[in-house]
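A.B. asks: The structure file upload-v5.pdb (PDB, C-alpha atoms and all ligand atoms) is provided below.
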ATOM      1  CA  MET G   1       7.024  -0.993 -18.575  1.00  0.00           C
ATOM      2  CA  VAL G   2       8.821  -3.767 -20.459  1.00  0.00           C
ATOM      3  CA  LYS G   3       6.882  -6.100 -22.717  1.00  0.00           C
ATOM      4  CA  ILE G   4       6.826  -9.881 -22.297  1.00  0.00           C
ATOM      5  CA  ALA G   5       6.922 -12.317 -25.214  1.00  0.00           C
ATOM      6  CA  PRO G   6       6.290 -15.908 -24.082  1.00  0.00           C
ATOM      7  CA  SER G   7       7.979 -18.437 -26.370  1.00  0.00           C
ATOM      8  CA  ILE G   8       5.691 -21.259 -27.458  1.00  0.00           C
ATOM      9  CA  LEU G   9       8.763 -23.455 -27.896  1.00  0.00           C
ATOM     10  CA  ALA G  10       8.172 -24.333 -24.228  1.00  0.00           C
ATOM     11  CA  ALA G  11       4.436 -24.982 -24.757  1.00  0.00           C
ATOM     12  CA  ASP G  12       2.782 -28.349 -25.296  1.00  0.00           C
ATOM     13  CA  PHE G  13       2.396 -28.487 -29.092  1.00  0.00           C
ATOM     14  CA  ALA G  14      -0.410 -31.034 -28.733  1.00  0.00           C
ATOM     15  CA  ASN G  15      -2.326 -28.400 -26.741  1.00  0.00           C
ATOM     16  CA  LEU G  16      -1.114 -25.258 -28.423  1.00  0.00           C
ATOM     17  CA  GLU G  17      -4.378 -23.301 -28.392  1.00  0.00           C
ATOM     18  CA  ARG G  18      -4.780 -23.948 -24.644  1.00  0.00           C
ATOM     19  CA  ASP G  19      -1.176 -22.901 -24.008  1.00  0.00           C
ATOM     20  CA  ILE G  20      -1.605 -19.709 -26.058  1.00  0.00           C
ATOM     21  CA  ARG G  21      -4.696 -18.777 -24.012  1.00  0.00           C
ATOM     22  CA  ARG G  22      -2.625 -19.241 -20.859  1.00  0.00           C
ATOM     23  CA  VAL G  23      -0.300 -16.367 -21.822  1.00  0.00           C
ATOM     24  CA  GLU G  24      -2.907 -13.867 -22.996  1.00  0.00           C
ATOM     25  CA  SER G  25      -1.817 -11.281 -20.420  1.00  0.00           C
ATOM     26  CA  ALA G  26       1.521 -10.955 -22.259  1.00  0.00           C
ATOM     27  CA  ASP G  27       2.337  -8.436 -25.006  1.00  0.00           C
ATOM     28  CA  TYR G  28       3.580 -10.644 -27.837  1.00  0.00           C
ATOM     29  CA  LEU G  29       3.613 -14.332 -28.670  1.00  0.00           C
ATOM     30  CA  HIS G  30       7.159 -15.396 -29.609  1.00  0.00           C
ATOM     31  CA  VAL G  31       7.285 -18.043 -32.333  1.00  0.00           C
ATOM     32  CA  ASP G  32      10.622 -19.809 -32.938  1.00  0.00           C
ATOM     33  CA  VAL G  33      11.044 -21.115 -36.474  1.00  0.00           C
ATOM     34  CA  MET G  34      14.045 -23.448 -36.961  1.00  0.00           C
ATOM     35  CA  ASP G  35      15.154 -25.158 -40.164  1.00  0.00           C
ATOM     36  CA  GLY G  36      17.678 -27.742 -38.946  1.00  0.00           C
ATOM     37  CA  MET G  37      20.377 -25.927 -40.943  1.00  0.00           C
ATOM     38  CA  PHE G  38      20.929 -22.521 -39.355  1.00  0.00           C
ATOM     39  CA  VAL G  39      20.441 -24.199 -35.973  1.00  0.00           C
ATOM     40  CA  PRO G  40      20.666 -27.898 -35.090  1.00  0.00           C
ATOM     41  CA  ASN G  41      16.945 -28.254 -34.401  1.00  0.00           C
ATOM     42  CA  ILE G  42      13.668 -28.199 -36.339  1.00  0.00           C
ATOM     43  CA  SER G  43      10.591 -26.626 -34.769  1.00  0.00           C
ATOM     44  CA  ILE G  44       7.555 -25.259 -36.606  1.00  0.00           C
ATOM     45  CA  GLY G  45       6.800 -23.366 -39.808  1.00  0.00           C
ATOM     46  CA  LEU G  46       4.241 -21.560 -41.941  1.00  0.00           C
ATOM     47  CA  PRO G  47       1.124 -23.721 -41.407  1.00  0.00           C
ATOM     48  CA  VAL G  48       1.495 -23.465 -37.639  1.00  0.00           C
ATOM     49  CA  VAL G  49       1.841 -19.665 -37.784  1.00  0.00           C
ATOM     50  CA  GLN G  50      -1.325 -19.536 -39.919  1.00  0.00           C
ATOM     51  CA  SER G  51      -3.238 -21.634 -37.403  1.00  0.00           C
ATOM     52  CA  ILE G  52      -2.000 -19.648 -34.409  1.00  0.00           C
ATOM     53  CA  ARG G  53      -3.093 -16.428 -36.104  1.00  0.00           C
ATOM     54  CA  LYS G  54      -6.694 -17.629 -36.006  1.00  0.00           C
ATOM     55  CA  VAL G  55      -6.801 -18.248 -32.251  1.00  0.00           C
ATOM     56  CA  THR G  56      -5.133 -15.189 -30.734  1.00  0.00           C
ATOM     57  CA  ASP G  57      -5.082 -11.410 -31.005  1.00  0.00           C
ATOM     58  CA  LEU G  58      -1.596 -11.213 -29.462  1.00  0.00           C
ATOM     59  CA  PRO G  59       0.906  -9.774 -31.937  1.00  0.00           C
ATOM     60  CA  LEU G  60       3.033 -12.606 -33.341  1.00  0.00           C
ATOM     61  CA  ASP G  61       6.784 -12.082 -32.943  1.00  0.00           C
ATOM     62  CA  VAL G  62       8.286 -14.559 -35.401  1.00  0.00           C
ATOM     63  CA  HIS G  63      11.972 -15.364 -34.833  1.00  0.00           C
ATOM     64  CA  LEU G  64      13.359 -16.976 -37.976  1.00  0.00           C
ATOM     65  CA  MET G  65      16.354 -19.225 -37.286  1.00  0.00           C
ATOM     66  CA  ILE G  66      16.671 -20.243 -40.918  1.00  0.00           C
ATOM     67  CA  GLU G  67      19.301 -19.962 -43.662  1.00  0.00           C
ATOM     68  CA  ARG G  68      18.682 -17.258 -46.282  1.00  0.00           C
ATOM     69  CA  PRO G  69      15.485 -15.896 -44.700  1.00  0.00           C
ATOM     70  CA  VAL G  70      14.831 -13.643 -47.713  1.00  0.00           C
ATOM     71  CA  ARG G  71      13.281 -16.745 -49.351  1.00  0.00           C
ATOM     72  CA  TYR G  72      10.509 -16.943 -46.751  1.00  0.00           C
ATOM     73  CA  VAL G  73       9.866 -13.578 -45.066  1.00  0.00           C
ATOM     74  CA  GLU G  74       6.941 -12.616 -47.295  1.00  0.00           C
ATOM     75  CA  ARG G  75       5.182 -15.902 -46.626  1.00  0.00           C
ATOM     76  CA  PHE G  76       5.567 -15.432 -42.870  1.00  0.00           C
ATOM     77  CA  CYS G  77       4.061 -11.935 -43.190  1.00  0.00           C
ATOM     78  CA  GLN G  78       1.142 -13.383 -45.143  1.00  0.00           C
ATOM     79  CA  ALA G  79       0.739 -16.154 -42.564  1.00  0.00           C
ATOM     80  CA  GLY G  80       0.038 -13.511 -39.913  1.00  0.00           C
ATOM     81  CA  ALA G  81       3.319 -12.427 -38.345  1.00  0.00           C
ATOM     82  CA  ASP G  82       3.368  -8.886 -36.901  1.00  0.00           C
ATOM     83  CA  VAL G  83       7.099  -8.827 -36.275  1.00  0.00           C
ATOM     84  CA  VAL G  84       9.612 -10.841 -38.301  1.00  0.00           C
ATOM     85  CA  THR G  85      13.208 -11.031 -37.086  1.00  0.00           C
ATOM     86  CA  ILE G  86      16.039 -12.543 -39.103  1.00  0.00           C
ATOM     87  CA  HIS G  87      19.596 -13.444 -38.138  1.00  0.00           C
ATOM     88  CA  VAL G  88      22.365 -11.239 -39.565  1.00  0.00           C
ATOM     89  CA  GLU G  89      24.510 -14.404 -39.774  1.00  0.00           C
ATOM     90  CA  ALA G  90      21.987 -16.138 -42.048  1.00  0.00           C
ATOM     91  CA  ASP G  91      22.904 -14.414 -45.343  1.00  0.00           C
ATOM     92  CA  GLY G  92      25.027 -11.681 -46.961  1.00  0.00           C
ATOM     93  CA  GLU G  93      24.446  -8.001 -46.157  1.00  0.00           C
ATOM     94  CA  ALA G  94      22.581  -7.199 -49.388  1.00  0.00           C
ATOM     95  CA  GLU G  95      20.183 -10.102 -48.899  1.00  0.00           C
ATOM     96  CA  ILE G  96      19.510  -9.151 -45.287  1.00  0.00           C
ATOM     97  CA  HIS G  97      18.645  -5.627 -46.502  1.00  0.00           C
ATOM     98  CA  ARG G  98      16.348  -7.111 -49.120  1.00  0.00           C
ATOM     99  CA  ALA G  99      14.604  -9.319 -46.548  1.00  0.00           C
ATOM    100  CA  LEU G 100      14.054  -6.345 -44.191  1.00  0.00           C
ATOM    101  CA  ASP G 101      12.647  -4.297 -47.091  1.00  0.00           C
ATOM    102  CA  LEU G 102      10.202  -7.080 -47.969  1.00  0.00           C
ATOM    103  CA  ILE G 103       8.970  -7.356 -44.367  1.00  0.00           C
ATOM    104  CA  ARG G 104       8.473  -3.572 -44.193  1.00  0.00           C
ATOM    105  CA  ALA G 105       6.695  -3.532 -47.553  1.00  0.00           C
ATOM    106  CA  HIS G 106       4.102  -5.823 -45.960  1.00  0.00           C
ATOM    107  CA  GLY G 107       3.559  -3.221 -43.234  1.00  0.00           C
ATOM    108  CA  LYS G 108       5.204  -5.389 -40.564  1.00  0.00           C
ATOM    109  CA  ARG G 109       7.905  -4.638 -38.015  1.00  0.00           C
ATOM    110  CA  ALA G 110      11.262  -5.955 -39.242  1.00  0.00           C
ATOM    111  CA  GLY G 111      14.191  -6.864 -37.048  1.00  0.00           C
ATOM    112  CA  VAL G 112      17.656  -8.342 -36.917  1.00  0.00           C
ATOM    113  CA  VAL G 113      18.949 -10.935 -34.440  1.00  0.00           C
ATOM    114  CA  LEU G 114      22.507 -11.355 -33.182  1.00  0.00           C
ATOM    115  CA  LYS G 115      23.884 -14.699 -31.983  1.00  0.00           C
ATOM    116  CA  PRO G 116      26.065 -14.571 -28.842  1.00  0.00           C
ATOM    117  CA  GLY G 117      29.285 -14.588 -30.905  1.00  0.00           C
ATOM    118  CA  THR G 118      28.173 -11.721 -33.178  1.00  0.00           C
ATOM    119  CA  PRO G 119      29.251  -8.208 -32.159  1.00  0.00           C
ATOM    120  CA  ALA G 120      26.813  -5.302 -31.753  1.00  0.00           C
ATOM    121  CA  GLU G 121      28.406  -3.611 -34.805  1.00  0.00           C
ATOM    122  CA  ALA G 122      26.851  -6.273 -37.049  1.00  0.00           C
ATOM    123  CA  ALA G 123      23.441  -4.643 -36.495  1.00  0.00           C
ATOM    124  CA  LEU G 124      24.592  -1.137 -37.487  1.00  0.00           C
ATOM    125  CA  PRO G 125      24.081  -1.348 -41.282  1.00  0.00           C
ATOM    126  CA  PHE G 126      20.438  -2.328 -40.698  1.00  0.00           C
ATOM    127  CA  LEU G 127      19.342  -0.161 -37.744  1.00  0.00           C
ATOM    128  CA  ASP G 128      17.416   2.386 -39.850  1.00  0.00           C
ATOM    129  CA  LYS G 129      15.163  -0.380 -41.136  1.00  0.00           C
ATOM    130  CA  CYS G 130      14.667  -2.144 -37.803  1.00  0.00           C
ATOM    131  CA  GLY G 131      11.617  -1.960 -35.585  1.00  0.00           C
ATOM    132  CA  MET G 132      13.272  -4.553 -33.381  1.00  0.00           C
ATOM    133  CA  VAL G 133      16.779  -5.728 -32.534  1.00  0.00           C
ATOM    134  CA  LEU G 134      17.051  -9.080 -30.782  1.00  0.00           C
ATOM    135  CA  VAL G 135      20.082 -10.002 -28.697  1.00  0.00           C
ATOM    136  CA  MET G 136      20.421 -13.743 -28.053  1.00  0.00           C
ATOM    137  CA  THR G 137      21.482 -14.558 -24.496  1.00  0.00           C
ATOM    138  CA  VAL G 138      21.834 -18.277 -25.336  1.00  0.00           C
ATOM    139  CA  GLU G 139      22.992 -20.085 -28.478  1.00  0.00           C
ATOM    140  CA  PRO G 140      19.853 -20.300 -30.635  1.00  0.00           C
ATOM    141  CA  GLY G 141      18.284 -23.713 -31.156  1.00  0.00           C
ATOM    142  CA  PHE G 142      16.919 -24.861 -27.818  1.00  0.00           C
ATOM    143  CA  GLY G 143      14.906 -23.633 -24.845  1.00  0.00           C
ATOM    144  CA  GLY G 144      15.899 -24.058 -21.229  1.00  0.00           C
ATOM    145  CA  GLN G 145      19.548 -22.977 -21.515  1.00  0.00           C
ATOM    146  CA  LYS G 146      21.542 -20.851 -19.084  1.00  0.00           C
ATOM    147  CA  PHE G 147      21.417 -17.058 -19.470  1.00  0.00           C
ATOM    148  CA  MET G 148      24.682 -15.512 -20.730  1.00  0.00           C
ATOM    149  CA  ALA G 149      25.285 -12.434 -18.576  1.00  0.00           C
ATOM    150  CA  ASP G 150      28.330 -11.542 -20.679  1.00  0.00           C
ATOM    151  CA  MET G 151      25.963 -10.299 -23.421  1.00  0.00           C
ATOM    152  CA  MET G 152      25.103  -7.224 -21.308  1.00  0.00           C
ATOM    153  CA  PRO G 153      27.787  -4.888 -22.749  1.00  0.00           C
ATOM    154  CA  LYS G 154      26.405  -5.682 -26.230  1.00  0.00           C
ATOM    155  CA  LEU G 155      22.878  -4.909 -25.038  1.00  0.00           C
ATOM    156  CA  ARG G 156      23.990  -1.576 -23.549  1.00  0.00           C
ATOM    157  CA  GLN G 157      25.826  -0.651 -26.734  1.00  0.00           C
ATOM    158  CA  LEU G 158      22.727  -1.318 -28.825  1.00  0.00           C
ATOM    159  CA  ARG G 159      20.563   0.618 -26.355  1.00  0.00           C
ATOM    160  CA  GLU G 160      22.849   3.603 -26.909  1.00  0.00           C
ATOM    161  CA  TRP G 161      22.766   3.356 -30.716  1.00  0.00           C
ATOM    162  CA  ILE G 162      18.974   2.854 -30.860  1.00  0.00           C
ATOM    163  CA  GLY G 163      18.464   5.976 -28.740  1.00  0.00           C
ATOM    164  CA  GLY G 164      15.063   7.486 -29.530  1.00  0.00           C
ATOM    165  CA  LEU G 165      14.327   5.414 -32.650  1.00  0.00           C
ATOM    166  CA  ASP G 166      11.016   3.510 -32.768  1.00  0.00           C
ATOM    167  CA  CYS G 167      12.870   0.244 -32.281  1.00  0.00           C
ATOM    168  CA  GLU G 168      12.353  -2.375 -29.585  1.00  0.00           C
ATOM    169  CA  LEU G 169      15.392  -4.000 -27.991  1.00  0.00           C
ATOM    170  CA  GLU G 170      14.575  -7.642 -27.297  1.00  0.00           C
ATOM    171  CA  VAL G 171      16.422 -10.323 -25.335  1.00  0.00           C
ATOM    172  CA  ASP G 172      15.922 -14.069 -25.845  1.00  0.00           C
ATOM    173  CA  GLY G 173      17.276 -16.978 -23.812  1.00  0.00           C
ATOM    174  CA  GLY G 174      17.392 -17.883 -20.134  1.00  0.00           C
ATOM    175  CA  VAL G 175      15.214 -14.967 -19.011  1.00  0.00           C
ATOM    176  CA  ASP G 176      13.694 -15.741 -15.592  1.00  0.00           C
ATOM    177  CA  PRO G 177      12.565 -13.775 -12.513  1.00  0.00           C
ATOM    178  CA  VAL G 178      16.210 -13.097 -11.587  1.00  0.00           C
ATOM    179  CA  THR G 179      17.845 -12.424 -14.979  1.00  0.00           C
ATOM    180  CA  CYS G 180      14.911 -10.233 -16.098  1.00  0.00           C
ATOM    181  CA  ARG G 181      16.201  -7.525 -13.778  1.00  0.00           C
ATOM    182  CA  THR G 182      19.641  -7.588 -15.382  1.00  0.00           C
ATOM    183  CA  VAL G 183      18.306  -7.240 -18.927  1.00  0.00           C
ATOM    184  CA  ILE G 184      15.884  -4.472 -17.954  1.00  0.00           C
ATOM    185  CA  GLU G 185      18.727  -2.552 -16.257  1.00  0.00           C
ATOM    186  CA  ASN G 186      20.767  -2.889 -19.441  1.00  0.00           C
ATOM    187  CA  GLY G 187      18.062  -1.435 -21.672  1.00  0.00           C
ATOM    188  CA  ALA G 188      15.891  -4.294 -22.973  1.00  0.00           C
ATOM    189  CA  THR G 189      12.272  -3.359 -23.795  1.00  0.00           C
ATOM    190  CA  VAL G 190      10.945  -6.812 -24.796  1.00  0.00           C
ATOM    191  CA  LEU G 191      11.762 -10.000 -22.868  1.00  0.00           C
ATOM    192  CA  VAL G 192      11.279 -13.434 -24.445  1.00  0.00           C
ATOM    193  CA  ALA G 193      10.690 -16.224 -21.944  1.00  0.00           C
ATOM    194  CA  GLY G 194       9.913 -19.865 -22.653  1.00  0.00           C
ATOM    195  CA  SER G 195      10.574 -22.167 -19.707  1.00  0.00           C
ATOM    196  CA  ALA G 196      10.223 -19.407 -17.107  1.00  0.00           C
ATOM    197  CA  VAL G 197       6.652 -18.826 -18.278  1.00  0.00           C
ATOM    198  CA  TYR G 198       5.441 -22.321 -19.082  1.00  0.00           C
ATOM    199  CA  LYS G 199       6.999 -24.056 -16.070  1.00  0.00           C
ATOM    200  CA  ALA G 200       5.359 -21.600 -13.666  1.00  0.00           C
ATOM    201  CA  ALA G 201       2.458 -22.820 -11.531  1.00  0.00           C
ATOM    202  CA  ASP G 202       0.720 -19.443 -11.956  1.00  0.00           C
ATOM    203  CA  ILE G 203       1.489 -18.191 -15.475  1.00  0.00           C
ATOM    204  CA  PRO G 204      -0.189 -14.724 -15.287  1.00  0.00           C
ATOM    205  CA  ALA G 205       1.670 -14.071 -12.007  1.00  0.00           C
ATOM    206  CA  ARG G 206       4.954 -15.133 -13.613  1.00  0.00           C
ATOM    207  CA  ILE G 207       4.390 -12.822 -16.600  1.00  0.00           C
ATOM    208  CA  LYS G 208       3.827  -9.959 -14.158  1.00  0.00           C
ATOM    209  CA  GLU G 209       6.940 -10.921 -12.209  1.00  0.00           C
ATOM    210  CA  LEU G 210       9.065 -10.864 -15.369  1.00  0.00           C
ATOM    211  CA  ARG G 211       8.148  -7.217 -15.951  1.00  0.00           C
ATOM    212  CA  GLY G 212      10.614  -6.466 -13.142  1.00  0.00           C
TER     213      GLY G 212
HETATM  214  C1  LIG N 301      16.076 -20.396 -28.560  1.00  0.00           C
HETATM  215  C2  LIG N 301      14.800 -19.633 -28.793  1.00  0.00           C
HETATM  216  C3  LIG N 301      14.169 -19.074 -27.580  1.00  0.00           C
HETATM  217  C4  LIG N 301      13.750 -20.089 -26.532  1.00  0.00           C
HETATM  218  C5  LIG N 301      13.905 -19.432 -25.197  1.00  0.00           C
HETATM  219  O1  LIG N 301      16.681 -20.630 -29.783  1.00  0.00           O
HETATM  220  O2  LIG N 301      15.067 -18.542 -29.662  1.00  0.00           O
HETATM  221  O3  LIG N 301      13.077 -18.233 -27.924  1.00  0.00           O
HETATM  222  O4  LIG N 301      12.438 -20.536 -26.684  1.00  0.00           O
HETATM  223  O5  LIG N 301      13.691 -20.385 -24.215  1.00  0.00           O
HETATM  224  P1  LIG N 301      14.048 -20.119 -22.691  1.00  0.00           P
HETATM  225  O6  LIG N 301      13.277 -18.912 -22.250  1.00  0.00           O
HETATM  226  O7  LIG N 301      13.591 -21.385 -22.033  1.00  0.00           O
HETATM  227  O8  LIG N 301      15.528 -19.910 -22.611  1.00  0.00           O
HETATM  228 ZN    ZN N 302      13.450 -17.063 -29.999  1.00  0.00          ZN
END
Any chance you could give the structure as structure tokens?
Ligand code: DX5
Ligand code: ZN
C.D. replies:
Amino acid sequence: MVKIAPSILAADFANLERDIRRVESADYLHVDVMDGMFVPNISIGLPVVQSIRKVTDLPLDVHLMIERPVRYVERFCQAGADVVTIHVEADGEAEIHRALDLIRAHGKRAGVVLKPGTPAEAALPFLDKCGMVLVMTVEPGFGGQKFMADMMPKLRQLREWIGGLDCELEVDGGVDPVTCRTVIENGATVLVAGSAVYKAADIPARIKELRG
């Protein structure tokens, strides 16, 4: 069965603990970190991850949308992340390797993320080090955008390359009760969902529904 990672970007930040409790039947908690440089938005950072860590046992899936993530990955591991994913577009190849090595040295699952315009091939140099590959199905930066179905060939290609490796294939952006079926069919194993989860009247039922 696929895993669901609700994105707290769609939660009420003034009631974050309550909104984390509401998604406890999920498999991960997806935390979007934005620096206002790599993406045109600023969200949350290290102190918030530290605080979240204290109020939930859900594994924290931290999606870093920041320039030169190698500068910060160790601090996010120490703050309580279980998975740290970094964008391949955010630095040169050697620095991305170094960032993945640092995450793994902390005993955490490391992953790379591909923006919609980035081809599947961009993940290849890093696959051996990845416990997760994240395919964006919207332009990163904001919740509530429309799902890009034209990312499905990229998802299928990555599914093929990952094969039997211990590596999750995650999709992020516009996942709802309809598009979840498409991404599952194309090989995704972890589905991020922000608005589809938090706008639902019955959140546990919605999480179940998203499992396809
Ligand atoms: C966008 C973030 C997503 C976002 C998804 O940059 O990476 O995680 O919260 O939101 P929805 O599910 O509303 O598209
Ligand atoms: Zn995300």
A.B. asks: How many Å separate CA of Gly92 in chain G from CA of Phe38 in chain G?
C.D. replies: 13.9 Å
A.B. asks: Return as a PDB file with C-alpha atoms, in the frame of the given file every polymer residue, whether protein, DNA or RNA, with at least one atom no more than 9 Å from an atom of ligand ZN 302 (chain N); count all atoms listed in the file.
C.D. replies:
ATOM      1  CA  SER G   7       7.979 -18.437 -26.370  1.00  0.00           C
ATOM      2  CA  LEU G   9       8.763 -23.455 -27.896  1.00  0.00           C
ATOM      3  CA  HIS G  30       7.159 -15.396 -29.609  1.00  0.00           C
ATOM      4  CA  VAL G  31       7.285 -18.043 -32.333  1.00  0.00           C
ATOM      5  CA  ASP G  32      10.622 -19.809 -32.938  1.00  0.00           C
ATOM      6  CA  VAL G  33      11.044 -21.115 -36.474  1.00  0.00           C
ATOM      7  CA  ASP G  61       6.784 -12.082 -32.943  1.00  0.00           C
ATOM      8  CA  VAL G  62       8.286 -14.559 -35.401  1.00  0.00           C
ATOM      9  CA  HIS G  63      11.972 -15.364 -34.833  1.00  0.00           C
ATOM     10  CA  LEU G  64      13.359 -16.976 -37.976  1.00  0.00           C
ATOM     11  CA  MET G  65      16.354 -19.225 -37.286  1.00  0.00           C
ATOM     12  CA  LEU G 134      17.051  -9.080 -30.782  1.00  0.00           C
ATOM     13  CA  MET G 136      20.421 -13.743 -28.053  1.00  0.00           C
ATOM     14  CA  PRO G 140      19.853 -20.300 -30.635  1.00  0.00           C
ATOM     15  CA  GLY G 141      18.284 -23.713 -31.156  1.00  0.00           C
ATOM     16  CA  PHE G 142      16.919 -24.861 -27.818  1.00  0.00           C
ATOM     17  CA  GLY G 143      14.906 -23.633 -24.845  1.00  0.00           C
ATOM     18  CA  VAL G 171      16.422 -10.323 -25.335  1.00  0.00           C
ATOM     19  CA  ASP G 172      15.922 -14.069 -25.845  1.00  0.00           C
ATOM     20  CA  GLY G 173      17.276 -16.978 -23.812  1.00  0.00           C
ATOM     21  CA  VAL G 192      11.279 -13.434 -24.445  1.00  0.00           C
ATOM     22  CA  ALA G 193      10.690 -16.224 -21.944  1.00  0.00           C
ATOM     23  CA  GLY G 194       9.913 -19.865 -22.653  1.00  0.00           C
TER      24      GLY G 194
END
A.B. asks: Decode the PyMOL selection byres (((chain G and resi 111-126) around 10) and not hetatm) for the given file into explicit residues and return them as a PyMOL selection string.
C.D. replies: chain G and resi 61-65+83-90+93+96-97+99-100+103-104+108-110+127-140+148+150-151+153-158+161-162+167-172
A.B. asks: On this file, the PyMOL selection byres (((chain G and resi 67) around 7) and not hetatm) gives some set of residues; write that set as a VMD selection string.
C.D. replies: chain G and resid 37 to 38 66 68 to 69 90 to 91
A.B. asks: Grab all the atoms of range 8-25 of chain G that the file lists, wrap them in a box along x, y and z, add 5 Å per side, and give me centre plus edge lengths in Å (one decimal) as AutoDock Vina command-line options.
C.D. replies:
--center_x 2.0 --center_y -21.2 --center_z -24.8 --size_x 23.5 --size_y 29.8 --size_z 18.7
A.B. asks: Determine the residue membership of the PyMOL selection byres (((chain G and resi 185) around 12) and not hetatm) for the file above and supply it as JSON, numbers by chain.
C.D. replies: {"G": [2, 152, 153, 155, 156, 159, 178, 179, 180, 181, 182, 183, 184, 186, 187, 188, 189, 211, 212]}
A.B. asks: Write the selection just made, keeping C-alpha atoms, as an mmCIF file, in the coordinates of the input?
C.D. replies:
data_model
loop_
_atom_site.group_PDB
_atom_site.id
_atom_site.type_symbol
_atom_site.label_atom_id
_atom_site.label_comp_id
_atom_site.auth_asym_id
_atom_site.auth_seq_id
_atom_site.Cartn_x
_atom_site.Cartn_y
_atom_site.Cartn_z
ATOM 1 C CA VAL G 2 8.821 -3.767 -20.459
ATOM 2 C CA MET G 152 25.103 -7.224 -21.308
ATOM 3 C CA PRO G 153 27.787 -4.888 -22.749
ATOM 4 C CA LEU G 155 22.878 -4.909 -25.038
ATOM 5 C CA ARG G 156 23.990 -1.576 -23.549
ATOM 6 C CA ARG G 159 20.563 0.618 -26.355
ATOM 7 C CA VAL G 178 16.210 -13.097 -11.587
ATOM 8 C CA THR G 179 17.845 -12.424 -14.979
ATOM 9 C CA CYS G 180 14.911 -10.233 -16.098
ATOM 10 C CA ARG G 181 16.201 -7.525 -13.778
ATOM 11 C CA THR G 182 19.641 -7.588 -15.382
ATOM 12 C CA VAL G 183 18.306 -7.240 -18.927
ATOM 13 C CA ILE G 184 15.884 -4.472 -17.954
ATOM 14 C CA ASN G 186 20.767 -2.889 -19.441
ATOM 15 C CA GLY G 187 18.062 -1.435 -21.672
ATOM 16 C CA ALA G 188 15.891 -4.294 -22.973
ATOM 17 C CA THR G 189 12.272 -3.359 -23.795
ATOM 18 C CA ARG G 211 8.148 -7.217 -15.951
ATOM 19 C CA GLY G 212 10.614 -6.466 -13.142
#
A.B. asks: Which one of G:Val49, G:Val39, G:Leu191, G:Tyr198 sits closest to Ile4 in chain G if you count all atoms listed in the file?
C.D. replies: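 Ranking G:Val49, G:Val39, G:Leu191, G:Tyr198 by distance to Ile4 in chain G, first place goes to G:Leu191.
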A.B. asks: In Å to one decimal, how far is CA of Thr56 in chain G from CA of Pro204 in chain G?
C.D. replies: 16.2 Å
A.B. asks: Would you work out the distance separating CA of Val197 in chain G from CA of Phe147 in chain G, expressed in Å to one decimal?
C.D. replies: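 About the pair CA of Val197 in chain G and CA of Phe147 in chain G: they are 14.9 Å apart.
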A.B. asks: Please identify all polymer residues within 12 Å of Ala205 in chain G, counting only C-alpha atoms, omitting same-chain residues fewer than 4 positions from it, and present them as a ChimeraX atom specification.
C.D. replies: /G:22-26,177,196-198,200-201,209-212
A.B. asks: So that I have them on file, write out the residues from the current selection with C-alpha atoms, as an mmCIF file, keeping the file's coordinate frame.
C.D. replies:
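File written: again_35.cif
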data_model
loop_
_atom_site.group_PDB
_atom_site.id
_atom_site.type_symbol
_atom_site.label_atom_id
_atom_site.label_comp_id
_atom_site.auth_asym_id
_atom_site.auth_seq_id
_atom_site.Cartn_x
_atom_site.Cartn_y
_atom_site.Cartn_z
ATOM 1 C CA ARG G 22 -2.625 -19.241 -20.859
ATOM 2 C CA VAL G 23 -0.300 -16.367 -21.822
ATOM 3 C CA GLU G 24 -2.907 -13.867 -22.996
ATOM 4 C CA SER G 25 -1.817 -11.281 -20.420
ATOM 5 C CA ALA G 26 1.521 -10.955 -22.259
ATOM 6 C CA PRO G 177 12.565 -13.775 -12.513
ATOM 7 C CA ALA G 196 10.223 -19.407 -17.107
ATOM 8 C CA VAL G 197 6.652 -18.826 -18.278
ATOM 9 C CA TYR G 198 5.441 -22.321 -19.082
ATOM 10 C CA ALA G 200 5.359 -21.600 -13.666
ATOM 11 C CA ALA G 201 2.458 -22.820 -11.531
ATOM 12 C CA GLU G 209 6.940 -10.921 -12.209
ATOM 13 C CA LEU G 210 9.065 -10.864 -15.369
ATOM 14 C CA ARG G 211 8.148 -7.217 -15.951
ATOM 15 C CA GLY G 212 10.614 -6.466 -13.142
#
A.B. asks: Closest to ligand LIG 301 (chain N) among G:Asp101, G:Asp35, G:Glu74, G:Asp82, using all atoms listed in the file?
C.D. replies: G:Asp35
A.B. asks: Have a look at G:Arg206, G:Leu29, G:Ser51, G:Arg21 and name the one nearest to Val190 in chain G; count all atoms listed in the file.
C.D. replies: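 Selected residue with least distance to Val190 in chain G: G:Leu29.
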A.B. asks: Between G:Gln50, G:Gly36, G:Phe76, G:Asp27, which has the minimum distance to ligand LIG 301 (chain N) (counting all atoms listed in the file)?
C.D. replies: G:Gly36
A.B. asks: With distances taken over all atoms listed in the file, which of G:Asp57, G:Asp12, G:Asp166, G:Asp176 is nearest to ligand LIG 301 (chain N)?
C.D. replies: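 Ranking G:Asp57, G:Asp12, G:Asp166, G:Asp176 by distance to ligand LIG 301 (chain N), first place goes to G:Asp176.
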A.B. asks: Of the candidates G:Gly45, G:Gly144, G:Gly164, G:Gly80, which shows the shortest atom-to-atom distance to ligand LIG 301 (chain N), using all atoms listed in the file?
C.D. replies: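 Counting all atoms listed in the file, the residue closest to ligand LIG 301 (chain N) is G:Gly144.
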A.B. asks: When you write range 68-77 of chain G out from the block above, keep C-alpha atoms and present the result as a short mmCIF file (atom, residue, chain, number, x, y, z; two decimals), in the first residue's frame, please.
C.D. replies:
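So part-v7.cif came out as:
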data_model
loop_
_atom_site.label_atom_id
_atom_site.label_comp_id
_atom_site.auth_asym_id
_atom_site.auth_seq_id
_atom_site.Cartn_x
_atom_site.Cartn_y
_atom_site.Cartn_z
CA ARG G 68 23.06 25.18 -1.41
CA PRO G 69 21.40 22.75 1.01
CA VAL G 70 24.77 21.27 2.01
CA ARG G 71 25.05 24.24 4.42
CA TYR G 72 22.04 23.09 6.44
CA VAL G 73 21.38 19.35 6.07
CA GLU G 74 23.19 18.35 9.25
CA ARG G 75 21.22 20.84 11.31
CA PHE G 76 17.94 19.51 9.92
CA CYS G 77 19.02 15.97 10.85
#
